Amino acid sequence: MQIKDLIPWARKDHAPDPKSDDQNPIATLQRDMNRVFEGFWNRVGDFDWPWGGGEAKSDVVETADHVEVSIELPGMEMKDIEVTVTDDILTIKGEKKIERQEEKKGYYLSERSYGAIYRTIPLPPGVDGEKADASFKNGVLTIKLPQTPEAQAKVKRIKVKNA
C-alpha cells in the first residue's frame with residue numbers, strides 16, 4: 001500500500017464528494033466567525049471615541065443659487081479648522097489635541113486624545129470659490145459657495161406631465 005492510497009482525492013477511482021456550504025464544517029465556522037466580528041465592529045463603531053475614531057457627518061446640498069456643505073466637527077474650535085477651495089475641490093482639514101493632567105492625593109492622571117479630519121468634496125461646475133462664506137457654530141461648520149450667474153442661467157426647469 002502506498003501513501004497516495006490513503007488520500008481520498010489522490011485515488012483515481014474515487015472523486016471527493018463536494019459538500020454544500022451547509023454541510024461543510026469549515027464554511028460554517030467561517031460564516032459564524034464573520035458574524036461575530038461584524039457584530040463586534042458594528043457595536044464598537046457606535047461609540048464616541050475620544051481620539052476621534054467616530055466618523056464626521058457631512059451634508060452637501062445644491063440649490064438654485066448656491067452649494068451648501070455642512071460638516072459636524074464636535075470638540076473642535078474655529079482655530080483648529082482650515083477650509084480651502086481650488087477649482088472644483090473643497091478641502092476641509094481639522095485637528096484637535098486634548099491633554100489633561102490631574103494630580104491629587106494618592107494618584108496621578110494623564111490623558112491625551114487626538115482627532116483629525118481631512119475631507120475633499122468635489123464641487124459642481126459653476127461654483128464661485130472666490131465668494132465662498134464659512135461659519136462655525138456649536139460644532140458644525142457650514143460653507144456656502146454661490147453659483148455663478150452663468151451656471152444659474154443654464155438650469156432649465158422641465159415640466160412634468162401626467163402619463
# chains A, B, ... in the order shown; residues from 1 in each chain; ligands from 1
$ residues_around --residues "segment 97-106 of chain A" --least-positions-apart "5" --cutoff "9 Å" --atoms "only C-alpha atoms" --output "VMD selection string"
chain A and resid 51 76 111 to 116
$ atom_distance --atom1 "atom CA of Asp87 of chain A" --atom2 "atom CA of Glu150 of chain A"
16.1 Å
$ closest_residue --among "A:Thr142, A:Thr120, A:Thr91, A:Gln30" --to "Ile71 of chain A" --atoms "only C-alpha atoms"
A:Thr142
$ closest_residue --among "A:Asn24, A:Gln152, A:Thr84, A:Thr63" --to "Ala132 of chain A" --atoms "only C-alpha atoms"
A:Thr84
$ select_by_dssp --residues "segment 22-126 of chain A" --states "helix (DSSP H, G or I)" --output "list in words"
Pro25, Ile26, Ala27, Thr28, Leu29, Gln30, Arg31, Asp32, Met33, Asn34, Arg35, Val36, Phe37, Glu38, Gly39, Phe40, Trp41, Asn42, Arg43, Val44, Met78, Lys79 and Asp80 of chain A
$ write_last_selection --atoms "N, CA, C and O atoms" --output "JSON list (two decimals), in the first residue's frame"
[["chain", "number", "residue", "atom", "x", "y", "z"],
["A", 25, "PRO", "N", -18.16, 21.85, 7.56],
["A", 25, "PRO", "CA", -17.90, 22.46, 8.87],
["A", 25, "PRO", "C", -16.97, 23.67, 8.80],
["A", 25, "PRO", "O", -17.11, 24.60, 9.58],
["A", 26, "ILE", "N", -16.04, 23.70, 7.86],
["A", 26, "ILE", "CA", -15.13, 24.84, 7.73],
["A", 26, "ILE", "C", -15.91, 26.08, 7.26],
["A", 26, "ILE", "O", -15.72, 27.18, 7.78],
["A", 27, "ALA", "N", -16.80, 25.91, 6.29],
["A", 27, "ALA", "CA", -17.60, 27.03, 5.80],
["A", 27, "ALA", "C", -18.54, 27.54, 6.89],
["A", 27, "ALA", "O", -18.73, 28.75, 7.04],
["A", 28, "THR", "N", -19.09, 26.63, 7.68],
["A", 28, "THR", "CA", -19.97, 27.02, 8.77],
["A", 28, "THR", "C", -19.19, 27.81, 9.82],
["A", 28, "THR", "O", -19.66, 28.85, 10.31],
["A", 29, "LEU", "N", -18.01, 27.34, 10.17],
["A", 29, "LEU", "CA", -17.16, 28.04, 11.13],
["A", 29, "LEU", "C", -16.79, 29.44, 10.62],
["A", 29, "LEU", "O", -16.85, 30.43, 11.35],
["A", 30, "GLN", "N", -16.42, 29.53, 9.34],
["A", 30, "GLN", "CA", -16.07, 30.82, 8.74],
["A", 30, "GLN", "C", -17.25, 31.79, 8.80],
["A", 30, "GLN", "O", -17.09, 32.96, 9.16],
["A", 31, "ARG", "N", -18.44, 31.30, 8.47],
["A", 31, "ARG", "CA", -19.63, 32.14, 8.48],
["A", 31, "ARG", "C", -19.93, 32.63, 9.91],
["A", 31, "ARG", "O", -20.23, 33.79, 10.13],
["A", 32, "ASP", "N", -19.80, 31.73, 10.89],
["A", 32, "ASP", "CA", -20.05, 32.11, 12.28],
["A", 32, "ASP", "C", -19.03, 33.13, 12.78],
["A", 32, "ASP", "O", -19.38, 34.08, 13.48],
["A", 33, "MET", "N", -17.77, 32.96, 12.43],
["A", 33, "MET", "CA", -16.73, 33.91, 12.84],
["A", 33, "MET", "C", -16.95, 35.27, 12.19],
["A", 33, "MET", "O", -16.78, 36.31, 12.84],
["A", 34, "ASN", "N", -17.34, 35.27, 10.92],
["A", 34, "ASN", "CA", -17.65, 36.54, 10.25],
["A", 34, "ASN", "C", -18.78, 37.27, 10.96],
["A", 34, "ASN", "O", -18.73, 38.49, 11.16],
["A", 35, "ARG", "N", -19.80, 36.53, 11.36],
["A", 35, "ARG", "CA", -20.95, 37.12, 12.05],
["A", 35, "ARG", "C", -20.52, 37.72, 13.40],
["A", 35, "ARG", "O", -20.94, 38.82, 13.76],
["A", 36, "VAL", "N", -19.65, 37.02, 14.13],
["A", 36, "VAL", "CA", -19.17, 37.52, 15.42],
["A", 36, "VAL", "C", -18.40, 38.83, 15.23],
["A", 36, "VAL", "O", -18.64, 39.81, 15.93],
["A", 37, "PHE", "N", -17.46, 38.85, 14.28],
["A", 37, "PHE", "CA", -16.65, 40.06, 14.08],
["A", 37, "PHE", "C", -17.47, 41.22, 13.54],
["A", 37, "PHE", "O", -17.27, 42.36, 13.93],
["A", 38, "GLU", "N", -18.42, 40.96, 12.63],
["A", 38, "GLU", "CA", -19.26, 42.02, 12.11],
["A", 38, "GLU", "C", -20.11, 42.63, 13.22],
["A", 38, "GLU", "O", -20.25, 43.84, 13.32],
["A", 39, "GLY", "N", -20.65, 41.78, 14.08],
["A", 39, "GLY", "CA", -21.43, 42.28, 15.22],
["A", 39, "GLY", "C", -20.59, 43.11, 16.16],
["A", 39, "GLY", "O", -21.02, 44.16, 16.64],
["A", 40, "PHE", "N", -19.37, 42.67, 16.41],
["A", 40, "PHE", "CA", -18.47, 43.42, 17.30],
["A", 40, "PHE", "C", -18.16, 44.79, 16.72],
["A", 40, "PHE", "O", -18.29, 45.80, 17.39],
["A", 41, "TRP", "N", -17.74, 44.85, 15.45],
["A", 41, "TRP", "CA", -17.35, 46.13, 14.87],
["A", 41, "TRP", "C", -18.54, 47.05, 14.68],
["A", 41, "TRP", "O", -18.40, 48.27, 14.75],
["A", 42, "ASN", "N", -19.74, 46.50, 14.46],
["A", 42, "ASN", "CA", -20.92, 47.35, 14.37],
["A", 42, "ASN", "C", -21.20, 48.03, 15.70],
["A", 42, "ASN", "O", -21.55, 49.20, 15.75],
["A", 43, "ARG", "N", -21.04, 47.29, 16.81],
["A", 43, "ARG", "CA", -21.26, 47.88, 18.13],
["A", 43, "ARG", "C", -20.15, 48.86, 18.49],
["A", 43, "ARG", "O", -20.41, 49.92, 19.04],
["A", 44, "VAL", "N", -18.91, 48.54, 18.18],
["A", 44, "VAL", "CA", -17.79, 49.41, 18.51],
["A", 44, "VAL", "C", -17.87, 50.71, 17.72],
["A", 44, "VAL", "O", -17.54, 51.78, 18.22],
["A", 78, "MET", "N", -12.71, 76.87, 16.22],
["A", 78, "MET", "CA", -12.51, 77.53, 14.93],
["A", 78, "MET", "C", -11.04, 77.59, 14.53],
["A", 78, "MET", "O", -10.69, 77.44, 13.37],
["A", 79, "LYS", "N", -10.16, 77.76, 15.51],
["A", 79, "LYS", "CA", -8.73, 77.85, 15.22],
["A", 79, "LYS", "C", -8.15, 76.52, 14.74],
["A", 79, "LYS", "O", -7.09, 76.49, 14.14],
["A", 80, "ASP", "N", -8.87, 75.41, 14.97],
["A", 80, "ASP", "CA", -8.39, 74.08, 14.58],
["A", 80, "ASP", "C", -8.77, 73.71, 13.15],
["A", 80, "ASP", "O", -8.39, 72.65, 12.66]]
$ closest_residue --among "A:Ile81, A:Val67, A:Leu141, A:Val160" --to "Pro122 of chain A" --atoms "only C-alpha atoms"
A:Val67
$ residues_around --residues "Val85 of chain A" --least-positions-apart "5" --cutoff "12 Å" --atoms "only C-alpha atoms" --output "list in words"
Leu90, Thr91, Ile92, Lys93, Arg119, Thr120, Ile121, Pro122, Leu123, Val127, Asp128, Gly129, Glu130, Lys131, Ala132, Asp133, Ala134, Ile143, Lys144 and Leu145 of chain A
$ closest_residue --among "A:Gln147, A:Lys137, A:Ser110, A:Val83" --to "Glu62 of chain A" --atoms "only C-alpha atoms"
A:Gln147
$ atom_distance --atom1 "atom CA of Val61 of chain A" --atom2 "atom CA of Gly75 of chain A"
24.1 Å
